[in-house]
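Chemist: Take a look at input-v4.cif, mmCIF, C-alpha atoms and all ligand atoms:
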data_entry
loop_
_atom_site.label_atom_id
_atom_site.label_comp_id
_atom_site.auth_asym_id
_atom_site.auth_seq_id
_atom_site.Cartn_x
_atom_site.Cartn_y
_atom_site.Cartn_z
CA MET A 20 -14.69 -28.04 -4.96
CA GLY A 21 -16.59 -26.81 -7.99
CA LEU A 22 -18.81 -24.38 -6.13
CA ASP A 23 -17.98 -21.09 -7.79
CA THR A 24 -21.34 -20.74 -9.44
CA GLU A 25 -21.13 -16.97 -9.04
CA TYR A 26 -18.23 -16.71 -11.54
CA THR A 27 -18.82 -14.51 -14.57
CA GLU A 28 -17.73 -15.66 -18.03
CA THR A 29 -14.52 -13.66 -17.62
CA GLN A 30 -13.88 -15.28 -14.27
CA ARG A 31 -14.41 -18.73 -15.71
CA ALA A 32 -11.79 -17.84 -18.33
CA ILE A 33 -9.44 -16.76 -15.54
CA ALA A 34 -10.00 -20.09 -13.77
CA ARG A 35 -9.28 -21.96 -17.01
CA PHE A 36 -6.10 -19.93 -17.55
CA VAL A 37 -4.84 -20.69 -14.04
CA GLU A 38 -5.67 -24.35 -14.53
CA SER A 39 -3.55 -24.42 -17.69
CA LEU A 40 -0.80 -22.50 -15.90
CA ALA A 41 -0.88 -25.10 -13.12
CA SER A 42 -0.49 -27.88 -15.66
CA ARG A 43 2.81 -26.26 -16.67
CA TYR A 44 3.86 -24.87 -13.28
CA GLY A 45 2.27 -27.02 -10.65
CA ARG A 46 3.38 -27.70 -7.14
CA LYS A 47 6.39 -29.61 -8.48
CA TYR A 48 7.61 -26.43 -10.18
CA ILE A 49 7.21 -24.43 -6.97
CA ARG A 50 8.80 -27.12 -4.83
CA ASP A 51 11.73 -27.56 -7.22
CA LEU A 52 12.36 -23.81 -7.13
CA VAL A 53 12.28 -23.84 -3.34
CA SER A 54 14.65 -26.78 -3.04
CA SER A 55 17.07 -25.25 -5.55
CA GLY A 56 17.10 -22.01 -3.54
CA ALA A 57 15.53 -19.97 -6.36
CA THR A 58 14.11 -16.66 -5.20
CA PHE A 59 11.77 -15.80 -8.04
CA PRO A 60 9.40 -17.89 -10.22
CA HIS A 61 10.60 -16.27 -13.47
CA ALA A 62 9.09 -18.66 -16.03
CA MET A 63 5.66 -18.70 -14.41
CA TRP A 64 5.71 -14.94 -13.82
CA ASN A 65 6.54 -14.30 -17.49
CA ASP A 66 3.73 -16.55 -18.67
CA ILE A 67 1.28 -14.71 -16.43
CA ALA A 68 2.51 -11.39 -17.78
CA GLN A 69 2.24 -12.56 -21.39
CA ALA A 70 -1.33 -13.62 -20.85
CA GLY A 71 -2.14 -10.14 -19.56
CA TYR A 72 -2.81 -11.07 -15.96
CA LEU A 73 -0.16 -8.81 -14.49
CA GLY A 74 -1.98 -5.85 -15.98
CA MET A 75 -5.41 -6.61 -14.58
CA ALA A 76 -5.49 -3.47 -12.42
CA ILE A 77 -3.98 -1.25 -15.13
CA PRO A 78 -6.06 0.73 -17.64
CA GLU A 79 -5.76 -0.32 -21.29
CA GLU A 80 -4.25 3.04 -22.29
CA PHE A 81 -1.23 2.12 -20.13
CA GLY A 82 -0.87 -1.41 -21.47
CA GLY A 83 -3.09 -3.17 -18.95
CA THR A 84 -6.15 -5.35 -19.34
CA ALA A 85 -8.37 -3.22 -17.10
CA MET A 86 -10.28 -5.98 -15.37
CA SER A 87 -12.31 -5.59 -12.22
CA TYR A 88 -10.93 -5.99 -8.71
CA ASP A 89 -13.29 -8.89 -8.34
CA ASP A 90 -11.51 -10.49 -11.31
CA VAL A 91 -8.22 -9.84 -9.52
CA ARG A 92 -9.63 -11.60 -6.47
CA VAL A 93 -10.67 -14.58 -8.58
CA PHE A 94 -7.24 -14.77 -10.23
CA PHE A 95 -5.44 -14.97 -6.89
CA THR A 96 -7.96 -17.32 -5.34
CA GLU A 97 -7.43 -19.67 -8.27
CA MET A 98 -3.64 -19.34 -7.99
CA GLY A 99 -3.88 -20.35 -4.35
CA ARG A 100 -6.21 -23.24 -5.17
CA HIS A 101 -3.47 -24.70 -7.34
CA GLY A 102 -0.86 -24.12 -4.65
CA LEU A 103 0.91 -21.52 -6.81
CA ILE A 104 2.01 -18.90 -4.38
CA THR A 105 4.78 -16.44 -3.80
CA LEU A 106 4.41 -13.18 -1.93
CA HIS A 107 5.72 -11.42 -5.03
CA PHE A 108 2.09 -11.21 -6.06
CA VAL A 109 1.53 -8.64 -3.35
CA SER A 110 3.38 -6.24 -5.67
CA TYR A 111 0.09 -6.07 -7.51
CA PHE A 112 -1.25 -3.38 -5.28
CA MET A 113 1.45 -1.01 -6.55
CA ASP A 114 -0.35 -0.86 -9.89
CA CYS A 115 -3.36 0.35 -7.97
CA LEU A 116 -1.22 2.82 -6.07
CA LEU A 117 0.22 4.35 -9.25
CA VAL A 118 -3.11 4.36 -11.06
CA GLY A 119 -4.68 6.15 -8.12
CA ALA A 120 -1.92 8.55 -7.09
CA GLY A 121 0.74 8.68 -9.79
CA ASN A 122 0.88 11.61 -12.18
CA GLN A 123 0.43 11.19 -15.94
CA ALA A 124 4.20 10.99 -16.62
CA MET A 125 4.64 8.27 -14.00
CA LYS A 126 1.75 6.30 -15.35
CA GLU A 127 3.14 6.47 -18.89
CA ARG A 128 6.62 5.58 -17.73
CA TYR A 129 5.90 2.76 -15.31
CA LEU A 130 2.52 1.13 -15.84
CA PRO A 131 3.23 -0.47 -19.25
CA LYS A 132 6.36 -2.05 -17.78
CA LEU A 133 4.48 -3.37 -14.77
CA ALA A 134 1.81 -4.81 -17.06
CA ALA A 135 4.56 -6.46 -19.13
CA GLY A 136 5.99 -8.20 -16.06
CA GLU A 137 8.43 -5.82 -14.40
CA TYR A 138 8.55 -6.73 -10.73
CA TRP A 139 8.51 -4.05 -8.00
CA SER A 140 9.00 -4.52 -4.31
CA PHE A 141 7.43 -2.46 -1.52
CA ALA A 142 9.08 -1.27 1.68
CA ILE A 143 7.43 0.11 4.77
CA THR A 144 8.51 -2.19 7.63
CA GLU A 145 11.37 -1.11 9.87
CA PRO A 146 12.98 -3.04 12.72
CA SER A 147 12.13 -0.61 15.49
CA ALA A 148 8.70 0.39 14.18
CA GLY A 149 7.12 -2.96 13.17
CA THR A 150 3.35 -2.66 13.02
CA ASN A 151 3.51 0.92 14.25
CA SER A 152 4.25 2.59 10.91
CA PHE A 153 4.09 6.05 12.49
CA ARG A 154 7.42 5.25 14.11
CA ILE A 155 9.34 4.65 10.90
CA SER A 156 12.48 6.73 10.69
CA THR A 157 13.73 6.27 7.12
CA SER A 158 14.05 9.91 6.19
CA ALA A 159 13.72 11.76 2.89
CA VAL A 160 15.16 15.25 3.19
CA ARG A 161 14.56 17.73 0.39
CA GLU A 162 17.64 19.21 -1.31
CA GLY A 163 16.55 21.46 -4.15
CA SER A 164 14.75 19.27 -6.67
CA ASN A 165 16.03 16.04 -5.07
CA TYR A 166 15.48 14.12 -1.85
CA ARG A 167 18.25 12.48 0.17
CA ILE A 168 17.19 9.19 1.75
CA ASN A 169 18.70 7.44 4.75
CA GLY A 170 17.40 4.51 6.75
CA GLN A 171 16.72 0.81 6.86
CA LYS A 172 13.84 -1.53 6.01
CA VAL A 173 13.31 -5.19 6.89
CA PHE A 174 11.38 -8.17 5.50
CA ILE A 175 11.31 -6.68 2.01
CA THR A 176 9.99 -9.39 -0.28
CA GLY A 177 11.89 -9.81 -3.52
CA PHE A 178 13.95 -6.64 -3.14
CA ALA A 179 17.04 -8.08 -4.88
CA GLU A 180 14.86 -9.46 -7.69
CA SER A 181 12.95 -6.23 -8.23
CA GLN A 182 13.61 -3.48 -10.76
CA LYS A 183 12.02 -0.78 -8.64
CA LEU A 184 10.93 -0.25 -5.09
CA VAL A 185 8.05 1.79 -3.67
CA LEU A 186 9.51 3.23 -0.50
CA VAL A 187 7.64 4.75 2.44
CA THR A 188 9.69 7.56 3.99
CA LYS A 189 9.28 10.21 6.62
CA THR A 190 9.59 13.71 5.14
CA ASP A 191 8.50 15.58 8.25
CA VAL A 192 11.63 14.45 10.04
CA LYS A 193 11.30 16.92 12.91
CA GLY A 194 7.68 15.99 13.50
CA THR A 195 6.43 19.58 13.45
CA GLY A 196 3.32 18.96 11.29
CA PRO A 197 0.29 16.66 11.73
CA ARG A 198 1.38 13.05 12.29
CA LYS A 199 -0.62 11.73 9.34
CA GLU A 200 1.12 14.12 6.96
CA ALA A 201 4.67 13.12 7.82
CA PHE A 202 5.08 10.39 5.19
CA THR A 203 5.90 10.41 1.51
CA LEU A 204 6.16 7.67 -1.11
CA PHE A 205 8.88 7.35 -3.72
CA VAL A 206 9.69 5.10 -6.63
CA ILE A 207 13.33 4.10 -6.22
CA ASP A 208 15.65 2.34 -8.63
CA ARG A 209 16.67 -0.93 -7.10
CA ASN A 210 20.30 -0.28 -8.13
CA ALA A 211 20.48 3.36 -7.06
CA PRO A 212 23.85 4.27 -5.50
CA GLY A 213 23.72 4.01 -1.70
CA ILE A 214 21.38 1.00 -1.54
CA THR A 215 22.61 -2.32 -0.17
CA CYS A 216 20.74 -5.39 0.94
CA THR A 217 21.19 -8.66 2.72
CA PRO A 218 18.88 -11.69 2.50
CA MET A 219 17.00 -12.95 5.56
CA ASN A 220 16.60 -16.62 6.45
CA MET A 221 12.90 -17.38 6.21
CA GLY A 222 10.89 -20.61 6.40
CA THR A 223 7.99 -19.92 4.07
CA HIS A 224 8.68 -22.77 1.57
CA SER A 225 8.06 -20.36 -1.27
CA PRO A 226 10.32 -19.30 -4.17
CA GLU A 227 11.09 -15.89 -2.73
CA SER A 228 13.40 -14.14 -0.34
CA GLN A 229 12.97 -11.29 2.12
CA TYR A 230 15.73 -8.72 2.56
CA ILE A 231 17.07 -6.14 4.95
CA VAL A 232 17.64 -3.04 2.85
CA PHE A 233 19.92 -0.15 3.78
CA PHE A 234 19.69 3.36 2.33
CA GLU A 235 22.72 5.56 2.72
CA ASP A 236 22.51 9.00 1.13
CA VAL A 237 20.36 7.74 -1.72
CA VAL A 238 19.48 10.69 -3.94
CA VAL A 239 16.07 10.60 -5.62
CA PRO A 240 14.69 13.23 -7.98
CA GLU A 241 11.38 14.78 -6.98
CA GLU A 242 9.70 13.42 -10.10
CA ASN A 243 9.95 9.99 -8.42
CA ARG A 244 7.65 11.13 -5.62
CA ILE A 245 4.20 9.50 -5.72
CA GLY A 246 1.57 12.11 -4.96
CA ALA A 247 2.21 15.16 -2.83
CA GLU A 248 4.77 15.44 -0.08
CA GLY A 249 3.08 14.28 3.12
CA ALA A 250 0.31 12.40 1.29
CA GLY A 251 1.95 8.98 1.64
CA LEU A 252 -0.31 7.48 4.28
CA GLU A 253 -3.53 8.58 2.67
CA ILE A 254 -2.44 7.11 -0.68
CA LEU A 255 -1.38 3.89 1.01
CA PHE A 256 -4.59 3.36 2.96
CA ASN A 257 -6.61 3.02 -0.21
CA ALA A 258 -4.10 0.86 -2.09
CA LEU A 259 -3.53 -1.37 0.93
CA ASN A 260 -7.18 -2.36 0.79
CA LEU A 261 -6.34 -4.12 -2.48
CA GLU A 262 -3.35 -5.74 -0.80
CA ARG A 263 -5.68 -7.14 1.87
CA ILE A 264 -8.02 -8.54 -0.80
CA VAL A 265 -5.14 -10.15 -2.72
CA ILE A 266 -3.70 -11.68 0.45
CA ALA A 267 -7.14 -12.90 1.51
CA ALA A 268 -7.63 -14.51 -1.90
CA LEU A 269 -4.23 -16.22 -1.90
CA ALA A 270 -4.69 -17.49 1.66
CA LEU A 271 -8.18 -18.72 0.95
CA GLY A 272 -7.08 -20.49 -2.23
CA LEU A 273 -4.14 -22.12 -0.47
CA GLY A 274 -6.42 -23.21 2.36
CA GLU A 275 -8.78 -24.80 -0.17
CA HIS A 276 -5.84 -26.46 -1.93
CA VAL A 277 -4.69 -28.22 1.25
CA PHE A 278 -8.25 -28.82 2.43
CA ALA A 279 -9.12 -30.68 -0.79
CA LYS A 280 -6.23 -33.03 -0.08
CA GLY A 281 -7.61 -33.62 3.42
CA VAL A 282 -11.07 -34.45 2.09
CA ALA A 283 -9.68 -36.82 -0.53
CA TYR A 284 -7.53 -38.54 2.09
CA ALA A 285 -10.50 -38.86 4.49
CA LYS A 286 -12.41 -40.74 1.78
CA ASP A 287 -9.53 -43.10 0.99
CA ARG A 288 -7.78 -43.86 4.21
CA VAL A 289 -9.13 -46.89 6.06
CA VAL A 290 -7.86 -47.75 9.54
CA PHE A 291 -10.75 -49.20 11.55
CA GLY A 292 -12.45 -51.02 8.71
CA GLU A 293 -13.99 -47.92 7.13
CA ALA A 294 -12.79 -44.63 5.68
CA ILE A 295 -11.69 -42.23 8.39
CA GLY A 296 -14.08 -39.64 6.93
CA SER A 297 -16.97 -41.78 8.16
CA HIS A 298 -16.12 -40.86 11.77
CA GLN A 299 -18.00 -37.77 12.86
CA ALA A 300 -14.96 -36.33 14.62
CA VAL A 301 -13.27 -36.20 11.23
CA GLN A 302 -16.32 -35.41 9.12
CA HIS A 303 -17.59 -32.57 11.30
CA MET A 304 -14.15 -31.04 11.53
CA LEU A 305 -13.97 -31.00 7.72
CA ALA A 306 -17.55 -29.79 7.28
CA ARG A 307 -16.95 -26.94 9.72
CA ALA A 308 -13.76 -25.93 7.95
CA PHE A 309 -15.60 -26.07 4.63
CA VAL A 310 -18.32 -23.69 5.85
CA LYS A 311 -15.74 -21.23 7.13
CA LEU A 312 -13.85 -21.29 3.84
CA ARG A 313 -16.98 -20.61 1.83
CA LEU A 314 -18.12 -17.79 4.12
CA ALA A 315 -14.67 -16.23 4.00
CA ASN A 316 -14.72 -16.40 0.22
CA LEU A 317 -18.03 -14.51 0.20
CA ALA A 318 -16.54 -11.87 2.48
CA ASN A 319 -13.63 -11.37 0.11
CA ARG A 320 -15.98 -11.17 -2.86
CA GLU A 321 -17.93 -8.48 -1.04
CA ALA A 322 -14.69 -6.56 -0.42
CA ALA A 323 -13.62 -6.72 -4.06
CA ILE A 324 -17.06 -5.67 -5.25
CA ALA A 325 -17.06 -2.73 -2.81
CA PHE A 326 -13.74 -1.66 -4.32
CA ASP A 327 -15.14 -2.02 -7.84
CA ARG A 328 -18.18 0.05 -6.93
CA GLY A 329 -15.84 2.87 -5.95
CA ASN A 330 -17.00 2.94 -2.36
CA ASP A 331 -15.00 5.25 -0.11
CA SER A 332 -11.78 3.94 1.36
CA ARG A 333 -13.29 3.42 4.82
CA THR A 334 -16.14 1.27 3.51
CA VAL A 335 -13.79 -0.77 1.35
CA GLY A 336 -11.47 -0.95 4.37
CA MET A 337 -14.22 -2.47 6.47
CA TYR A 338 -14.86 -5.26 3.96
CA ALA A 339 -11.19 -5.74 3.10
CA ASN A 340 -10.15 -6.07 6.76
CA MET A 341 -13.03 -8.47 7.45
CA ALA A 342 -12.05 -10.53 4.42
CA LYS A 343 -8.36 -10.59 5.33
CA LEU A 344 -9.21 -11.80 8.82
CA ALA A 345 -11.84 -14.31 7.71
CA CYS A 346 -9.85 -15.80 4.82
CA THR A 347 -6.54 -16.19 6.64
CA GLU A 348 -8.21 -17.74 9.69
CA ALA A 349 -10.46 -20.05 7.67
CA ALA A 350 -7.49 -21.09 5.52
CA PHE A 351 -5.38 -21.91 8.54
CA GLU A 352 -8.15 -23.87 10.21
CA ALA A 353 -8.79 -25.82 7.01
CA GLY A 354 -5.08 -26.46 6.53
CA ASP A 355 -4.71 -27.64 10.10
CA ALA A 356 -7.73 -29.94 9.68
CA ALA A 357 -6.20 -31.37 6.50
CA PHE A 358 -2.94 -32.02 8.35
CA GLN A 359 -4.82 -33.74 11.21
CA VAL A 360 -6.73 -35.94 8.80
CA HIS A 361 -3.49 -37.07 7.18
CA GLY A 362 -2.07 -38.27 10.49
CA GLY A 363 1.66 -38.86 10.22
CA ALA A 364 1.47 -38.68 6.45
CA GLY A 365 0.71 -34.96 6.77
CA ILE A 366 4.33 -34.15 7.40
CA THR A 367 5.70 -36.14 4.47
CA ASP A 368 6.96 -34.45 1.33
CA GLU A 369 4.83 -36.77 -0.76
CA CYS A 370 1.56 -35.42 0.67
CA ASP A 371 2.73 -31.80 0.30
CA VAL A 372 0.53 -30.60 3.15
CA ALA A 373 2.98 -29.46 5.81
CA ALA A 374 5.05 -27.41 3.36
CA ILE A 375 2.10 -25.13 2.64
CA LEU A 376 1.06 -24.44 6.22
CA PRO A 377 3.86 -22.01 7.16
CA MET A 378 2.83 -19.67 4.36
CA ILE A 379 -0.84 -19.80 5.34
CA ARG A 380 0.16 -19.15 8.95
CA THR A 381 2.40 -16.26 7.93
CA LEU A 382 -0.49 -14.56 6.17
CA ARG A 383 -2.17 -14.09 9.55
CA VAL A 384 0.79 -11.91 10.51
CA ALA A 385 1.89 -10.30 7.27
CA PRO A 386 1.52 -7.99 5.50
CA ILE A 387 -0.71 -6.85 8.34
CA ASN A 388 -1.34 -8.87 11.47
CA ASN A 389 -4.90 -9.93 12.15
CA GLU A 390 -4.98 -8.01 15.42
CA MET A 391 -4.67 -4.81 13.41
CA THR A 392 -7.60 -5.84 11.21
CA LEU A 393 -9.61 -6.29 14.44
CA ASN A 394 -8.39 -2.93 15.72
CA TYR A 395 -9.60 -1.34 12.47
CA LEU A 396 -13.00 -2.98 12.68
CA GLY A 397 -13.42 -2.17 16.38
CA GLU A 398 -12.45 1.45 16.01
CA LYS A 399 -13.56 2.50 12.53
CA CYS A 400 -16.64 0.33 12.10
CA LEU A 401 -17.95 -0.17 15.63
CA GLY A 402 -16.93 3.26 16.92
CA LEU A 403 -15.07 1.81 19.91
CA PRO A 404 -12.18 3.76 21.45
CA LYS A 405 -8.77 3.34 19.84
CA SER A 406 -7.22 0.42 21.72
CA TYR A 407 -3.51 0.91 21.14
C1 LIG A 501 7.11 -13.38 4.72
C2 LIG A 501 7.02 -11.91 5.00
C3 LIG A 501 7.05 -11.02 3.95
C4 LIG A 501 7.02 -9.63 4.20
N1 LIG A 501 7.13 -8.76 3.15
C5 LIG A 501 7.19 -7.43 3.41
C6 LIG A 501 7.42 -6.49 2.34
O1 LIG A 501 7.57 -6.87 1.17
N2 LIG A 501 7.50 -5.17 2.64
C7 LIG A 501 7.35 -4.71 3.91
O2 LIG A 501 7.42 -3.50 4.11
N3 LIG A 501 7.13 -5.57 4.95
C8 LIG A 501 7.05 -6.91 4.73
N4 LIG A 501 6.85 -7.79 5.76
C9 LIG A 501 6.74 -7.28 7.12
C10 LIG A 501 5.34 -7.41 7.69
O3 LIG A 501 4.51 -6.44 7.09
C11 LIG A 501 5.46 -7.27 9.22
O4 LIG A 501 6.10 -8.45 9.69
C12 LIG A 501 4.13 -7.11 9.86
O5 LIG A 501 3.56 -5.88 9.51
C13 LIG A 501 4.23 -7.17 11.39
O6 LIG A 501 5.28 -6.37 11.87
P1 LIG A 501 6.35 -7.00 12.87
O7 LIG A 501 6.82 -8.28 12.29
O8 LIG A 501 7.36 -5.99 13.24
O9 LIG A 501 5.50 -7.37 14.15
P2 LIG A 501 5.30 -6.47 15.49
O10 LIG A 501 4.91 -5.09 15.13
O11 LIG A 501 6.49 -6.66 16.34
O12 LIG A 501 4.08 -7.20 16.14
C14 LIG A 501 4.19 -8.54 16.68
C15 LIG A 501 2.81 -9.04 17.04
O13 LIG A 501 2.28 -8.21 18.07
C16 LIG A 501 0.88 -8.08 17.93
N5 LIG A 501 0.54 -6.65 17.83
C17 LIG A 501 1.34 -5.63 17.41
N6 LIG A 501 0.71 -4.46 17.49
C18 LIG A 501 -0.52 -4.73 17.98
C19 LIG A 501 -1.65 -3.93 18.30
N7 LIG A 501 -1.65 -2.61 18.14
N8 LIG A 501 -2.77 -4.53 18.74
C20 LIG A 501 -2.79 -5.87 18.91
N9 LIG A 501 -1.76 -6.69 18.64
C21 LIG A 501 -0.64 -6.11 18.17
C22 LIG A 501 0.49 -8.87 16.67
O14 LIG A 501 0.09 -10.16 17.05
C23 LIG A 501 1.79 -8.96 15.91
O15 LIG A 501 1.82 -10.10 15.05
C24 LIG A 501 6.88 -9.17 5.53
C25 LIG A 501 6.83 -10.09 6.59
C26 LIG A 501 6.90 -11.44 6.33
C27 LIG A 501 6.85 -12.39 7.49
#
Kindly present the structure from the file in structure tokens form.
Modeler:
Amino acid sequence: MGLDTEYTETQRAIARFVESLASRYGRKYIRDLVSSGATFPHAMWNDIAQAGYLGMAIPEEFGGTAMSYDDVRVFFTEMGRHGLITLHFVSYFMDCLLVGAGNQAMKERYLPKLAAGEYWSFAITEPSAGTNSFRISTSAVREGSNYRINGQKVFITGFAESQKLVLVTKTDVKGTGPRKEAFTLFVIDRNAPGITCTPMNMGTHSPESQYIVFFEDVVVPEENRIGAEGAGLEILFNALNLERIVIAALALGLGEHVFAKGVAYAKDRVVFGEAIGSHQAVQHMLARAFVKLRLANLANREAAIAFDRGNDSRTVGMYANMAKLACTEAAFEAGDAAFQVHGGAGITDECDVAAILPMIRTLRVAPINNEMTLNYLGEKCLGLPKSY
């Protein structure tokens, strides 16, 4: 839609890179991977890594390109705009997690590999805890200088394709200490003895797979612990703000991608003697969706800039939760409008509209459902009583 006048020179370069990437790996590439059952976009991922865009959140001394979080936002918005999405990109926030909370040895060991394209998965969700992370029961019990891990995670994106996993565990198994200090993060080898997984059947039309992962007496050395024992939640809260911004950017970009198809179709399609876009019912629906997309984009920009400024985690959290809510809702509304405008053609493979909607819809639920973003805003920003 050519309206990103606020882009810096670097961000224009990012947009040009993504455009060239899309000329090599466009929607056909993504769709072919999906129909062949592929679970990882290896070629595209490697090209992104080679160009330095997997190291955007990593300092140069650890092999990264040390760009701003606002640049990260632009990168993912542009990826979405070209319809290039997999949830593997959410792994990005683990760079941020290690940069913020990893010790020097961890940073030296892991960050250069992540910048070079190593893929890591992330596991917090459990079947009987769901959104209520305090109820997770995957335990890490200290045994000398090791931890023994037992439990189960679900919905883990790309687990089988990953080299490492960041795992959220409960170390205060008996629950004797403060609730917020019960959780600890570990870096786990994907092939560590005692780990098994099984793929889930999902309908996201994306080259990825989610897995149920089982941990049975998995032994992890303490040097794989990220941060202090019991500091897991605090570390996560900050890093998850970046996850929200990345998800908001991808959703927004995808919404714009489908929306642009709707606008083009509304100009071309003639059924009552004039283009359907000349009817106000169609035009106003599109104009309204357009406004919401642009406002949501501004909200996400504000969130990324707050992160770049080094604002405290609660302030960034306010903007990041607003942006996640605004972008995923605006994207869904715009996608739905684009589908409506296409009439029956919207469901055809040729138009490639319907295939994108399940992913946009999913982003209102995962990685955090929008009700929880509202709970955060109500409680932390408006000072209302905790509602759940
Ligand atoms: C495609 C996909 C990829 C995923 N990838 C990963 C991954 O890589 N790693 C990982 O750990 N997890 C992953 N997840 C899991 C995801 O984070 C969870 O699905 C999500 O957090 C919601 O948990 P749940 O599905 O158990 O929903 P539930 O907790 O059962 O909630 C169901 C619904 O209830 C409502 N609700 C719940 N609690 C509240 C409340 N307090 N207030 C108001 N409404 C509420 C919401 O509408 C919510 O959508 C993925 C999920 C999907 C679909």
Chemist: Between A:Ala325, A:Tyr44, A:Arg154, A:Val206, which has the minimum distance to Arg128 (chain A) (counting all atoms listed in the file)?
Modeler: A:Val206
Chemist: Kindly provide, as lines of an AutoDock Vina configuration file, the centre and edge lengths (Å, one decimal) of an axis-aligned box around all atoms of ligand LIG 501 (chain A) given in the file, with 6 Å on each side.
Modeler:
center_x = 2.4
center_y = -8.0
center_z = 10.0
size_x = 22.4
size_y = 22.8
size_z = 29.7
Chemist: For Phe59 (chain A), which residue out of A:Pro226, A:Gly149, A:Gly121, A:Gly82 is the nearest one, using only C-alpha atoms?
Modeler: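 Closest candidate: A:Pro226.
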Chemist: Counting only C-alpha atoms and all ligand atoms, what are the residues, protein, DNA or RNA alike, that approach ligand LIG 501 (chain A) to within 6 Å? I want them as a ChimeraX atom specification.
Modeler: /A:141-144,149-150,174-176,381,384-388,390-391,407
Chemist: Find, counting all atoms listed in the file, the residue in A:Asn340, A:Gln69, A:Ser54, A:Ser39 that gets nearest to Arg383 (chain A).
Modeler: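 Selected residue with least distance to Arg383 (chain A): A:Asn340.
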Chemist: Can you measure CA of Thr347 (chain A) to CA of Ala34 (chain A) for me? One decimal in Å is fine.
Modeler: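 CA of Ala34 (chain A) lies at a distance of 21.1 Å from CA of Thr347 (chain A).
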Chemist: Nearest to Lys399 (chain A): which of A:Tyr338, A:Phe94, A:Phe202, A:Tyr48 is it, counting all atoms listed in the file?
Modeler: A:Tyr338
Chemist: List as JSON, numbers by chain the protein and nucleic acid residues near Gly365 (chain A), meaning an atom at most 12 Å away when all atoms listed in the file are counted, but skip any in the same chain fewer than 5 places from it.
Modeler: {"A": [277, 278, 280, 281, 284, 354, 355, 356, 357, 358, 359, 360, 370, 371, 372, 373, 374, 375, 376]}
Chemist: Residues at most 12 Å from Arg43 (chain A), counting only C-alpha atoms, excluding those fewer than 3 positions away in the same chain, as a list in words?
Modeler: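 Near neighbours after the sequence-gap exclusion: Phe36, Val37, Glu38, Ser39, Leu40, Arg46, Lys47, Tyr48, Ile49, Ala62, Met63, Asp66, Ile67, His101 and Leu103 of chain A.
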Chemist: Hey, can you check how far CA of Leu401 (chain A) sits from CA of Ser152 (chain A)?
Modeler: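 Computing the Euclidean distance for CA of Leu401 (chain A) and CA of Ser152 (chain A) yields 22.9 Å.
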Chemist: How many Å lie between CA of Arg263 (chain A) and CA of Glu242 (chain A), rounded to one decimal?
Modeler: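 These atoms are spaced 28.3 Å apart.
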